[in-house]
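As provided, data34.txt (compact mmCIF, C-alpha atoms and all ligand atoms) reads as follows.
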# COMPACT_ATOMS: atom_id res chain seq x y z
CA MET S 6 23.57 33.19 -23.44
CA ARG S 7 24.53 30.51 -26.01
CA VAL S 8 25.49 27.40 -24.02
CA LEU S 9 26.95 24.24 -25.51
CA ILE S 10 26.37 21.22 -23.26
CA THR S 11 28.42 18.09 -23.89
CA GLY S 12 26.81 14.90 -22.59
CA GLY S 13 23.54 16.81 -22.47
CA ALA S 14 21.48 13.72 -23.35
CA GLY S 15 22.74 11.90 -20.25
CA PHE S 16 21.43 11.78 -16.70
CA ILE S 17 22.93 14.98 -15.25
CA GLY S 18 23.40 16.74 -18.60
CA SER S 19 19.70 16.55 -19.45
CA HIS S 20 18.81 18.26 -16.17
CA VAL S 21 21.44 20.92 -16.87
CA VAL S 22 19.80 21.44 -20.28
CA GLU S 23 16.42 21.86 -18.59
CA VAL S 24 17.52 24.48 -16.06
CA CYS S 25 19.45 26.41 -18.72
CA ILE S 26 16.44 26.50 -21.04
CA LYS S 27 14.18 27.60 -18.20
CA ALA S 28 16.65 30.38 -17.38
CA GLY S 29 16.29 31.62 -20.99
CA HIS S 30 19.60 30.39 -22.43
CA GLN S 31 20.01 29.05 -25.95
CA VAL S 32 21.29 25.46 -25.80
CA LEU S 33 23.08 23.08 -28.16
CA VAL S 34 23.86 19.53 -27.06
CA VAL S 35 26.74 17.34 -28.23
CA ASP S 36 26.39 13.70 -27.24
CA ASN S 37 27.34 10.44 -28.95
CA LEU S 38 24.34 8.72 -27.30
CA SER S 39 26.60 5.95 -26.00
CA ARG S 40 24.61 6.22 -22.78
CA GLY S 41 22.45 9.26 -23.23
CA ARG S 42 19.06 9.25 -24.98
CA ARG S 43 17.33 11.65 -27.33
CA GLU S 44 14.17 11.23 -25.22
CA ASN S 45 15.97 12.81 -22.25
CA LEU S 46 15.96 16.12 -24.09
CA PRO S 47 13.12 18.54 -24.74
CA ARG S 48 12.05 18.07 -28.38
CA ASP S 49 13.14 21.50 -29.56
CA VAL S 50 16.69 21.29 -28.19
CA PRO S 51 19.17 20.71 -31.04
CA LEU S 52 21.42 17.69 -30.66
CA VAL S 53 24.66 16.99 -32.53
CA ILE S 54 25.31 13.27 -32.33
CA MET S 55 29.09 13.20 -32.17
CA ASP S 56 31.96 11.84 -30.14
CA ILE S 57 33.73 14.58 -28.16
CA ARG S 58 37.03 13.15 -29.46
CA ASP S 59 36.06 13.82 -33.07
CA SER S 60 38.56 16.11 -34.82
CA VAL S 61 35.76 18.03 -36.58
CA LEU S 62 34.04 18.93 -33.28
CA SER S 63 35.01 22.59 -33.39
CA SER S 64 33.93 23.14 -37.00
CA VAL S 65 30.61 21.36 -36.39
CA ILE S 66 29.70 23.58 -33.44
CA ALA S 67 31.22 26.78 -34.87
CA ASP S 68 27.90 28.04 -36.34
CA PHE S 69 26.33 27.99 -32.87
CA ARG S 70 29.05 30.39 -31.59
CA PRO S 71 28.96 29.08 -27.99
CA GLU S 72 29.73 31.61 -25.28
CA VAL S 73 29.99 28.97 -22.56
CA ILE S 74 30.63 25.23 -22.72
CA ILE S 75 29.28 23.04 -19.92
CA HIS S 76 31.26 19.83 -20.22
CA GLN S 77 29.45 16.78 -18.81
CA ALA S 78 30.29 14.06 -21.36
CA ALA S 79 32.45 11.35 -19.87
CA GLN S 80 33.04 7.68 -19.31
CA VAL S 81 31.39 7.52 -15.86
CA ASP S 82 31.68 3.89 -14.80
CA VAL S 83 34.38 3.30 -12.14
CA ALA S 84 34.40 -0.48 -12.70
CA ALA S 85 34.72 0.02 -16.48
CA ALA S 86 37.61 2.42 -15.86
CA VAL S 87 39.37 -0.22 -13.75
CA ALA S 88 38.77 -2.83 -16.47
CA ASP S 89 39.86 -0.54 -19.32
CA PRO S 90 41.82 2.51 -18.14
CA VAL S 91 42.90 3.29 -21.71
CA GLU S 92 39.34 3.77 -22.93
CA ASP S 93 38.49 5.74 -19.77
CA ALA S 94 41.42 8.10 -20.35
CA SER S 95 40.63 8.30 -24.04
CA VAL S 96 37.08 9.59 -23.43
CA ASN S 97 37.73 11.57 -20.26
CA VAL S 98 41.19 13.04 -20.86
CA VAL S 99 41.59 13.13 -24.65
CA GLY S 100 37.90 13.94 -25.11
CA THR S 101 38.15 16.85 -22.65
CA LEU S 102 41.30 18.11 -24.40
CA ASN S 103 39.43 18.16 -27.69
CA VAL S 104 36.56 20.08 -26.06
CA LEU S 105 38.97 22.58 -24.48
CA GLN S 106 40.82 23.02 -27.76
CA ALA S 107 37.53 23.65 -29.58
CA ALA S 108 36.62 26.17 -26.87
CA VAL S 109 39.85 28.09 -27.48
CA GLN S 110 39.47 27.96 -31.28
CA LEU S 111 35.92 29.30 -31.06
CA GLY S 112 36.73 32.04 -28.54
CA VAL S 113 34.46 30.55 -25.87
CA ARG S 114 34.42 32.84 -22.83
CA ARG S 115 33.98 30.21 -20.11
CA VAL S 116 34.05 26.46 -19.55
CA VAL S 117 32.24 24.73 -16.69
CA VAL S 118 33.60 21.23 -16.20
CA ALA S 119 32.15 18.23 -14.34
CA SER S 120 34.56 16.53 -11.97
CA SER S 121 34.01 14.15 -9.10
CA ALA S 122 34.68 13.48 -5.42
CA ALA S 123 36.64 10.51 -6.80
CA VAL S 124 39.64 12.85 -7.24
CA TYR S 125 40.16 12.87 -3.45
CA GLY S 126 40.53 9.11 -3.09
CA GLU S 127 40.11 7.93 0.50
CA PRO S 128 39.68 11.17 2.51
CA ARG S 129 41.95 11.96 5.47
CA GLN S 130 39.25 14.00 7.15
CA LEU S 131 35.55 14.56 6.59
CA PRO S 132 33.83 16.52 5.28
CA VAL S 133 36.44 16.92 2.54
CA LYS S 134 37.40 20.46 1.61
CA GLU S 135 38.51 21.43 -1.88
CA ASP S 136 42.14 21.86 -0.78
CA HIS S 137 42.35 18.26 0.44
CA PRO S 138 45.22 16.40 -1.32
CA LEU S 139 44.18 14.59 -4.48
CA CYS S 140 44.99 10.85 -4.24
CA PRO S 141 42.52 9.03 -6.51
CA ILE S 142 42.30 5.27 -6.07
CA SER S 143 40.71 4.51 -9.45
CA PRO S 144 41.62 5.25 -13.07
CA TYR S 145 38.34 7.20 -13.22
CA GLY S 146 39.49 9.46 -10.37
CA LEU S 147 42.85 9.84 -12.09
CA SER S 148 41.27 10.80 -15.38
CA LYS S 149 39.08 13.40 -13.63
CA MET S 150 42.19 14.77 -11.89
CA ALA S 151 43.80 15.19 -15.32
CA VAL S 152 40.60 16.79 -16.64
CA GLU S 153 40.82 19.37 -13.85
CA ALA S 154 44.51 20.06 -14.45
CA TYR S 155 44.03 20.52 -18.22
CA THR S 156 41.02 22.77 -17.66
CA ARG S 157 43.11 25.05 -15.46
CA TRP S 158 46.02 24.99 -17.86
CA PHE S 159 43.88 25.91 -20.89
CA GLY S 160 42.10 28.58 -18.87
CA GLU S 161 45.31 30.20 -17.73
CA LYS S 162 47.20 29.86 -21.02
CA TYR S 163 44.40 31.23 -23.20
CA GLY S 164 42.66 33.60 -20.78
CA MET S 165 39.49 31.53 -20.78
CA GLU S 166 37.32 31.58 -17.62
CA TRP S 167 36.87 28.17 -16.01
CA VAL S 168 34.92 26.58 -13.19
CA ILE S 169 35.27 23.00 -11.95
CA LEU S 170 32.44 21.29 -10.06
CA ARG S 171 33.25 18.18 -8.03
CA TYR S 172 30.02 16.26 -7.60
CA GLY S 173 29.19 13.83 -4.81
CA ASN S 174 26.93 10.86 -5.61
CA VAL S 175 24.24 12.27 -7.81
CA TYR S 176 20.79 10.66 -7.83
CA GLY S 177 17.37 11.53 -9.20
CA PRO S 178 15.07 11.05 -12.19
CA ARG S 179 16.54 9.59 -15.41
CA GLN S 180 19.51 7.95 -13.69
CA THR S 181 20.46 4.65 -15.29
CA VAL S 182 21.66 1.60 -13.40
CA VAL S 183 25.19 1.65 -14.76
CA GLY S 184 27.45 4.50 -13.78
CA GLU S 185 29.70 6.15 -11.31
CA ALA S 186 27.20 6.34 -8.55
CA GLY S 187 24.02 4.65 -9.63
CA VAL S 188 23.36 2.92 -6.29
CA VAL S 189 19.98 4.61 -5.77
CA ALA S 190 18.91 3.67 -9.31
CA ARG S 191 20.27 0.12 -8.87
CA PHE S 192 18.37 -0.45 -5.64
CA LEU S 193 15.15 0.95 -7.05
CA ALA S 194 15.43 -1.09 -10.26
CA ALA S 195 16.01 -4.28 -8.26
CA MET S 196 13.17 -3.54 -5.85
CA GLN S 197 10.83 -2.76 -8.73
CA SER S 198 11.62 -5.90 -10.69
CA GLY S 199 11.64 -8.25 -7.70
CA TYR S 200 15.38 -9.07 -7.80
CA ARG S 201 17.36 -9.01 -4.59
CA PRO S 202 19.29 -5.70 -4.37
CA VAL S 203 23.05 -6.24 -4.18
CA ILE S 204 25.46 -4.32 -1.97
CA PHE S 205 29.11 -4.45 -2.98
CA GLY S 206 31.13 -4.67 0.25
CA ASP S 207 29.63 -4.51 3.74
CA GLY S 208 27.29 -1.58 3.08
CA LYS S 209 29.06 0.57 5.66
CA GLN S 210 30.72 2.61 2.92
CA THR S 211 29.37 6.14 2.99
CA ARG S 212 28.51 8.61 0.25
CA ASP S 213 27.37 12.20 -0.09
CA PHE S 214 24.11 11.89 -2.02
CA VAL S 215 23.12 15.02 -3.89
CA HIS S 216 19.97 15.48 -5.96
CA VAL S 217 20.46 15.98 -9.71
CA PHE S 218 18.29 19.09 -9.69
CA ASP S 219 20.71 20.71 -7.22
CA VAL S 220 23.67 19.68 -9.37
CA ALA S 221 21.98 21.20 -12.41
CA ARG S 222 21.42 24.44 -10.46
CA ALA S 223 25.09 24.53 -9.50
CA ASN S 224 25.98 24.39 -13.23
CA LEU S 225 23.53 27.18 -13.93
CA PHE S 226 25.08 29.35 -11.22
CA ALA S 227 28.55 28.55 -12.56
CA LEU S 228 27.64 30.17 -15.90
CA THR S 229 28.27 33.56 -14.32
CA ARG S 230 29.89 32.99 -10.91
CA GLY S 231 32.93 31.31 -9.38
CA THR S 232 35.50 32.20 -12.06
CA GLY S 233 38.72 30.19 -11.61
CA GLY S 234 37.23 28.15 -8.80
CA ILE S 235 36.88 24.50 -7.83
CA TYR S 236 33.70 23.66 -5.91
CA ASN S 237 32.39 20.60 -4.12
CA ILE S 238 28.77 20.00 -5.00
CA GLY S 239 27.19 17.79 -2.37
CA THR S 240 25.27 18.14 0.87
CA GLY S 241 27.95 17.62 3.54
CA GLN S 242 25.95 14.62 4.82
CA GLU S 243 27.61 11.23 5.11
CA VAL S 244 25.11 8.42 4.50
CA SER S 245 25.98 4.73 4.41
CA VAL S 246 24.77 2.53 1.58
CA LEU S 247 22.98 0.36 4.15
CA GLU S 248 21.15 3.38 5.54
CA LEU S 249 20.17 4.36 2.01
CA TYR S 250 18.80 0.87 1.47
CA GLU S 251 16.83 1.00 4.72
CA ARG S 252 15.32 4.36 3.82
CA LEU S 253 14.19 3.01 0.44
CA CYS S 254 12.77 -0.12 2.10
CA GLN S 255 10.71 2.05 4.43
CA LEU S 256 9.41 4.21 1.61
CA LEU S 257 8.49 1.23 -0.54
CA GLU S 258 7.46 -1.07 2.32
CA TYR S 259 9.90 -3.48 0.78
CA GLN S 260 10.97 -6.57 2.68
CA ARG S 261 13.22 -8.83 0.59
CA GLU S 262 16.66 -9.47 1.94
CA LEU S 263 19.81 -7.99 0.50
CA ALA S 264 22.51 -9.89 -1.33
CA TYR S 265 26.15 -8.97 -0.73
CA GLY S 266 28.86 -8.98 -3.40
CA PRO S 267 32.60 -8.34 -3.15
CA ARG S 268 33.74 -4.77 -2.64
CA ARG S 269 34.47 -3.26 -6.04
CA PRO S 270 37.99 -2.14 -6.88
CA GLY S 271 38.25 1.64 -7.02
CA ASP S 272 35.35 2.18 -4.56
CA ILE S 273 36.17 4.52 -1.70
CA GLN S 274 35.07 3.76 1.87
CA ARG S 275 33.86 7.13 3.15
CA MET S 276 32.77 10.42 1.59
CA ALA S 277 31.13 13.68 2.59
CA LEU S 278 31.88 16.97 0.89
CA ALA S 279 32.35 20.35 2.58
CA ILE S 280 30.21 22.76 0.57
CA GLU S 281 30.95 26.10 2.25
CA ARG S 282 32.98 27.36 -0.70
CA ALA S 283 30.11 26.77 -3.14
CA VAL S 284 27.72 28.44 -0.70
CA ASP S 285 29.96 31.50 -0.27
CA GLU S 286 31.23 31.96 -3.83
CA LEU S 287 28.55 30.47 -6.10
CA GLY S 288 25.66 31.45 -3.85
CA TRP S 289 24.51 27.84 -4.26
CA GLU S 290 23.20 25.43 -1.69
CA PRO S 291 21.38 22.13 -2.01
CA LEU S 292 17.62 22.57 -1.79
CA ILE S 293 16.50 18.94 -1.77
CA SER S 294 17.20 16.76 1.25
CA LEU S 295 17.86 13.04 0.76
CA SER S 296 14.54 12.15 2.43
CA GLU S 297 12.66 14.52 0.14
CA GLY S 298 14.54 13.41 -2.98
CA LEU S 299 14.06 9.70 -2.32
CA LYS S 300 10.39 10.16 -1.48
CA GLU S 301 9.81 12.04 -4.70
CA LEU S 302 11.76 9.47 -6.74
CA VAL S 303 9.82 6.57 -5.25
CA GLY S 304 6.55 8.43 -5.86
CA GLN S 305 7.47 9.07 -9.49
CA MET S 306 8.59 5.48 -9.92
CA CYS S 307 5.25 4.17 -8.64
CA THR S 308 3.28 6.61 -10.82
CA ALA S 309 5.43 5.79 -13.85
CA THR S 310 4.91 2.07 -13.27
CA LEU S 311 1.17 2.56 -12.99
CA ASN S 312 0.54 4.83 -15.96
CA ARG S 313 3.95 5.35 -17.63
CA SER S 314 3.60 9.12 -17.25
CA PRO S 315 6.68 11.31 -17.84
CA VAL S 316 8.62 12.65 -14.87
CA PRO S 317 7.31 16.11 -13.96
CA SER S 318 9.82 18.93 -14.05
CA ARG S 319 10.57 21.38 -11.26
CA GLU S 320 10.74 25.16 -11.04
CA THR S 321 14.24 26.63 -10.77
N1 LIG S 401 26.40 10.47 -11.63
C1 LIG S 401 27.20 10.82 -10.65
O1 LIG S 401 26.95 10.54 -9.47
C2 LIG S 401 28.45 11.61 -10.92
C3 LIG S 401 29.30 11.89 -9.84
C4 LIG S 401 30.44 12.66 -10.07
C5 LIG S 401 30.71 13.15 -11.33
N2 LIG S 401 29.88 12.83 -12.38
C6 LIG S 401 30.21 13.39 -13.69
O2 LIG S 401 29.05 14.03 -14.22
C7 LIG S 401 29.06 13.96 -15.64
C8 LIG S 401 27.73 13.41 -16.14
O3 LIG S 401 27.57 12.08 -15.62
P1 LIG S 401 26.19 11.29 -15.67
O4 LIG S 401 26.03 10.60 -14.37
O5 LIG S 401 25.11 12.17 -16.16
O6 LIG S 401 26.53 10.16 -16.73
P2 LIG S 401 25.77 9.77 -18.10
O7 LIG S 401 26.47 8.56 -18.63
O8 LIG S 401 24.31 9.69 -17.87
O9 LIG S 401 26.08 11.03 -19.01
C9 LIG S 401 27.24 11.14 -19.78
C10 LIG S 401 26.81 11.52 -21.19
O10 LIG S 401 27.97 11.66 -21.99
C11 LIG S 401 27.77 10.98 -23.22
N3 LIG S 401 29.09 10.54 -23.69
C12 LIG S 401 29.88 9.59 -23.16
N4 LIG S 401 31.00 9.47 -23.88
C13 LIG S 401 30.91 10.37 -24.88
C14 LIG S 401 31.76 10.72 -25.97
N5 LIG S 401 32.93 10.10 -26.15
N6 LIG S 401 31.36 11.68 -26.82
C15 LIG S 401 30.16 12.32 -26.65
N7 LIG S 401 29.32 12.02 -25.64
C16 LIG S 401 29.69 11.06 -24.77
C17 LIG S 401 26.85 9.83 -22.91
O11 LIG S 401 26.13 9.36 -24.05
C18 LIG S 401 25.94 10.44 -21.85
O12 LIG S 401 24.81 11.04 -22.43
C19 LIG S 401 30.26 13.11 -16.01
O13 LIG S 401 31.33 13.97 -16.34
C20 LIG S 401 30.57 12.36 -14.73
O14 LIG S 401 31.92 11.98 -14.66
C21 LIG S 401 28.76 12.09 -12.20
Using structure tokens, write down the structure from this file.
Amino acid sequence: MRVLITGGAGFIGSHVVEVCIKAGHQVLVVDNLSRGRRENLPRDVPLVIMDIRDSVLSSVIADFRPEVIIHQAAQVDVAAAVADPVEDASVNVVGTLNVLQAAVQLGVRRVVVASSAAVYGEPRQLPVKEDHPLCPISPYGLSKMAVEAYTRWFGEKYGMEWVILRYGNVYGPRQTVVGEAGVVARFLAAMQSGYRPVIFGDGKQTRDFVHVFDVARANLFALTRGTGGIYNIGTGQEVSVLELYERLCQLLEYQRELAYGPRRPGDIQRMALAIERAVDELGWEPLISLSEGLKELVGQMCTATLNRSPVPSRET
């Protein structure tokens, strides 16, 4: 299948590229490299360096004749969205509209779109099911809510298949320290460089941490399954930021004390995602537990520090 992946040079996108290539698909990446890196991509994967808002997007990708678009490109920083909601909406909402419009113009059969648990806001009950009311408490969550609504609208108006994946807090190799949910990467970077790790708030806030490899697999499954569906992609496990920190301390035998900063605007207090729908309809389930994922990440971090070797890839 010919698969266009927006944001494919970023953290999650580059893993999606990898699993798609391994599954035998032909891939083209569009990324403006505002946060992504060429080095995140296998050398032979073609990359169009372009903003998803660019009016010539559709003509530039027309030659590739994409059958599916996996849309990952976004402004992903909640704090940045609070500081500049206009720029957040410009990238996330207007950018997505341009991608959807290009998809229609090029006769793309299906779009798979990255959304976020941030659309739920503060959950009324846990784990959150997909039919939970959407009450985002950040401009980022609002822009993702609009992304979902436009995806549905384009799908229904133009008869284009669509799938929306709402990710929990994604962690794993290649994550950078800025971002929607980079707490694992932030802690590890601080621990590695000898700075005191900072927790924003009291650390009792909980998240559903899901490994990037599992998120990439969910995208791969969504190439052919789950038409017209919205799916939570998490683990169903609620883990506090303090517990996460303690687990990393144990793995790294790290002993420095934490620093605490003010709770960040737009941050939710509790999150765990019900994943039964993804299990039943996508045939997907997370394969990597948090303990396993953190252990592997810490191991790779130590190896990389010692001999700067690249992160090994995994079999799908
Ligand atoms: N990381 C998480 O925990 C998490 C959680 C929920 C949802 N998401 C969603 O997953 C997707 C991928 O996020 P990520 O964590 O890999 O972030 P990332 O920043 O690593 O990846 C985003 C990619 O999009 C590119 N990009 C940004 N703006 C662009 C633009 N205007 N035009 C073209 N390319 C642009 C960036 O250069 C980057 O490579 C996003 O849609 C994000 O909202 C991420």
Give me, as a PDB file with C-alpha atoms, in the frame of the given file, the set of residues whose atoms come within 8 Å of any atom of ligand LIG 401 (chain S), counting only C-alpha atoms and all ligand atoms.
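Below is the file out08.pdb, written as the result:
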ATOM      1  CA  THR S  11      28.420  18.090 -23.890  1.00  0.00           C
ATOM      2  CA  GLY S  12      26.810  14.900 -22.590  1.00  0.00           C
ATOM      3  CA  GLY S  13      23.540  16.810 -22.470  1.00  0.00           C
ATOM      4  CA  ALA S  14      21.480  13.720 -23.350  1.00  0.00           C
ATOM      5  CA  GLY S  15      22.740  11.900 -20.250  1.00  0.00           C
ATOM      6  CA  PHE S  16      21.430  11.780 -16.700  1.00  0.00           C
ATOM      7  CA  ILE S  17      22.930  14.980 -15.250  1.00  0.00           C
ATOM      8  CA  GLY S  18      23.400  16.740 -18.600  1.00  0.00           C
ATOM      9  CA  SER S  19      19.700  16.550 -19.450  1.00  0.00           C
ATOM     10  CA  VAL S  35      26.740  17.340 -28.230  1.00  0.00           C
ATOM     11  CA  ASP S  36      26.390  13.700 -27.240  1.00  0.00           C
ATOM     12  CA  ASN S  37      27.340  10.440 -28.950  1.00  0.00           C
ATOM     13  CA  LEU S  38      24.340   8.720 -27.300  1.00  0.00           C
ATOM     14  CA  SER S  39      26.600   5.950 -26.000  1.00  0.00           C
ATOM     15  CA  ARG S  40      24.610   6.220 -22.780  1.00  0.00           C
ATOM     16  CA  GLY S  41      22.450   9.260 -23.230  1.00  0.00           C
ATOM     17  CA  ARG S  42      19.060   9.250 -24.980  1.00  0.00           C
ATOM     18  CA  ILE S  54      25.310  13.270 -32.330  1.00  0.00           C
ATOM     19  CA  MET S  55      29.090  13.200 -32.170  1.00  0.00           C
ATOM     20  CA  ASP S  56      31.960  11.840 -30.140  1.00  0.00           C
ATOM     21  CA  ILE S  57      33.730  14.580 -28.160  1.00  0.00           C
ATOM     22  CA  ARG S  58      37.030  13.150 -29.460  1.00  0.00           C
ATOM     23  CA  HIS S  76      31.260  19.830 -20.220  1.00  0.00           C
ATOM     24  CA  GLN S  77      29.450  16.780 -18.810  1.00  0.00           C
ATOM     25  CA  ALA S  78      30.290  14.060 -21.360  1.00  0.00           C
ATOM     26  CA  ALA S  79      32.450  11.350 -19.870  1.00  0.00           C
ATOM     27  CA  GLN S  80      33.040   7.680 -19.310  1.00  0.00           C
ATOM     28  CA  VAL S  81      31.390   7.520 -15.860  1.00  0.00           C
ATOM     29  CA  ASP S  82      31.680   3.890 -14.800  1.00  0.00           C
ATOM     30  CA  VAL S  96      37.080   9.590 -23.430  1.00  0.00           C
ATOM     31  CA  ASN S  97      37.730  11.570 -20.260  1.00  0.00           C
ATOM     32  CA  GLY S 100      37.900  13.940 -25.110  1.00  0.00           C
ATOM     33  CA  VAL S 118      33.600  21.230 -16.200  1.00  0.00           C
ATOM     34  CA  ALA S 119      32.150  18.230 -14.340  1.00  0.00           C
ATOM     35  CA  SER S 120      34.560  16.530 -11.970  1.00  0.00           C
ATOM     36  CA  SER S 121      34.010  14.150  -9.100  1.00  0.00           C
ATOM     37  CA  ALA S 122      34.680  13.480  -5.420  1.00  0.00           C
ATOM     38  CA  ALA S 123      36.640  10.510  -6.800  1.00  0.00           C
ATOM     39  CA  LYS S 149      39.080  13.400 -13.630  1.00  0.00           C
ATOM     40  CA  ARG S 171      33.250  18.180  -8.030  1.00  0.00           C
ATOM     41  CA  TYR S 172      30.020  16.260  -7.600  1.00  0.00           C
ATOM     42  CA  GLY S 173      29.190  13.830  -4.810  1.00  0.00           C
ATOM     43  CA  ASN S 174      26.930  10.860  -5.610  1.00  0.00           C
ATOM     44  CA  VAL S 175      24.240  12.270  -7.810  1.00  0.00           C
ATOM     45  CA  TYR S 176      20.790  10.660  -7.830  1.00  0.00           C
ATOM     46  CA  GLN S 180      19.510   7.950 -13.690  1.00  0.00           C
ATOM     47  CA  THR S 181      20.460   4.650 -15.290  1.00  0.00           C
ATOM     48  CA  GLY S 184      27.450   4.500 -13.780  1.00  0.00           C
ATOM     49  CA  GLU S 185      29.700   6.150 -11.310  1.00  0.00           C
ATOM     50  CA  ALA S 186      27.200   6.340  -8.550  1.00  0.00           C
ATOM     51  CA  GLY S 187      24.020   4.650  -9.630  1.00  0.00           C
TER      52      GLY S 187
END
For this session: Can you work out the spacing between atom CA of Lys209 of chain S and atom CA of Pro178 of chain S in Å, to one decimal?
Result: 25.0 Å
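For the choices S:Asn237, S:Gln110, S:Gln260, S:Ser245, the atom-to-atom distance to Gly206 of chain S is smallest for S:Ser245 when using all atoms listed in the file.
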Quick one: 5 Å padding each side, axis-aligned, all listed atoms of segment 155-165 of chain S - centre and edge lengths in Å to one decimal, as AutoDock Vina command-line options?
--center_x 43.3 --center_y 27.1 --center_z -19.3 --size_x 17.7 --size_y 23.1 --size_z 17.7
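Atom CA of His20 of chain S sits 28.2 Å away from atom CA of Leu139 of chain S.
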Problem set entry | Point (35.9, -2.9, -1.5), cut-off 12 Å, counting all atoms listed in the file, residues as a PyMOL selection string | chain S and resi 84+127+142-143+204-210+265-275
Might you pull out every residue within 10 Å of Glu262 of chain S, with all atoms listed in the file counted and same-chain residues fewer than 4 positions away left off, and present them as a PDB file with C-alpha atoms, keeping the file's coordinate frame?
ATOM      1  CA  TYR S 200      15.380  -9.070  -7.800  1.00  0.00           C
ATOM      2  CA  ARG S 201      17.360  -9.010  -4.590  1.00  0.00           C
ATOM      3  CA  PRO S 202      19.290  -5.700  -4.370  1.00  0.00           C
ATOM      4  CA  VAL S 203      23.050  -6.240  -4.180  1.00  0.00           C
TER       5      VAL S 203
END
Missing atoms in segment 57-72 of chain S: can you complete it with N, CA and C atoms, as a PDB file, in the frame of the given file?
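Result went into selection-v2.pdb, see below:
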ATOM      1  N   ILE S  57      32.980  13.363 -28.512  1.00  0.00           N
ATOM      2  CA  ILE S  57      33.730  14.580 -28.160  1.00  0.00           C
ATOM      3  C   ILE S  57      35.186  14.500 -28.611  1.00  0.00           C
ATOM      4  N   ARG S  58      35.643  13.289 -28.988  1.00  0.00           N
ATOM      5  CA  ARG S  58      37.030  13.150 -29.460  1.00  0.00           C
ATOM      6  C   ARG S  58      37.154  13.446 -30.951  1.00  0.00           C
ATOM      7  N   ASP S  59      36.037  13.650 -31.614  1.00  0.00           N
ATOM      8  CA  ASP S  59      36.060  13.820 -33.070  1.00  0.00           C
ATOM      9  C   ASP S  59      36.828  15.099 -33.459  1.00  0.00           C
ATOM     10  N   SER S  60      37.718  14.969 -34.446  1.00  0.00           N
ATOM     11  CA  SER S  60      38.560  16.110 -34.820  1.00  0.00           C
ATOM     12  C   SER S  60      37.763  17.244 -35.461  1.00  0.00           C
ATOM     13  N   VAL S  61      36.542  16.953 -35.949  1.00  0.00           N
ATOM     14  CA  VAL S  61      35.760  18.030 -36.580  1.00  0.00           C
ATOM     15  C   VAL S  61      34.812  18.718 -35.582  1.00  0.00           C
ATOM     16  N   LEU S  62      34.952  18.360 -34.295  1.00  0.00           N
ATOM     17  CA  LEU S  62      34.040  18.930 -33.280  1.00  0.00           C
ATOM     18  C   LEU S  62      33.919  20.454 -33.393  1.00  0.00           C
ATOM     19  N   SER S  63      35.073  21.122 -33.439  1.00  0.00           N
ATOM     20  CA  SER S  63      35.010  22.590 -33.390  1.00  0.00           C
ATOM     21  C   SER S  63      34.318  23.162 -34.624  1.00  0.00           C
ATOM     22  N   SER S  64      34.584  22.574 -35.805  1.00  0.00           N
ATOM     23  CA  SER S  64      33.930  23.140 -37.000  1.00  0.00           C
ATOM     24  C   SER S  64      32.434  22.842 -37.000  1.00  0.00           C
ATOM     25  N   VAL S  65      32.035  21.710 -36.405  1.00  0.00           N
ATOM     26  CA  VAL S  65      30.610  21.360 -36.390  1.00  0.00           C
ATOM     27  C   VAL S  65      29.811  22.295 -35.475  1.00  0.00           C
ATOM     28  N   ILE S  66      30.445  22.721 -34.375  1.00  0.00           N
ATOM     29  CA  ILE S  66      29.700  23.580 -33.440  1.00  0.00           C
ATOM     30  C   ILE S  66      29.941  25.076 -33.674  1.00  0.00           C
ATOM     31  N   ALA S  67      30.821  25.372 -34.652  1.00  0.00           N
ATOM     32  CA  ALA S  67      31.220  26.780 -34.870  1.00  0.00           C
ATOM     33  C   ALA S  67      30.017  27.689 -35.147  1.00  0.00           C
ATOM     34  N   ASP S  68      29.051  27.210 -35.962  1.00  0.00           N
ATOM     35  CA  ASP S  68      27.900  28.040 -36.340  1.00  0.00           C
ATOM     36  C   ASP S  68      27.088  28.486 -35.125  1.00  0.00           C
ATOM     37  N   PHE S  69      27.101  27.679 -34.081  1.00  0.00           N
ATOM     38  CA  PHE S  69      26.330  27.990 -32.870  1.00  0.00           C
ATOM     39  C   PHE S  69      26.970  29.140 -32.079  1.00  0.00           C
ATOM     40  N   ARG S  70      28.266  29.357 -32.286  1.00  0.00           N
ATOM     41  CA  ARG S  70      29.050  30.390 -31.590  1.00  0.00           C
ATOM     42  C   ARG S  70      28.843  30.351 -30.065  1.00  0.00           C
ATOM     43  N   PRO S  71      29.205  29.207 -29.436  1.00  0.00           N
ATOM     44  CA  PRO S  71      28.960  29.080 -27.990  1.00  0.00           C
ATOM     45  C   PRO S  71      29.722  30.124 -27.192  1.00  0.00           C
ATOM     46  N   GLU S  72      29.054  30.675 -26.196  1.00  0.00           N
ATOM     47  CA  GLU S  72      29.730  31.610 -25.280  1.00  0.00           C
ATOM     48  C   GLU S  72      30.282  30.847 -24.078  1.00  0.00           C
TER      49      GLU S  72
END
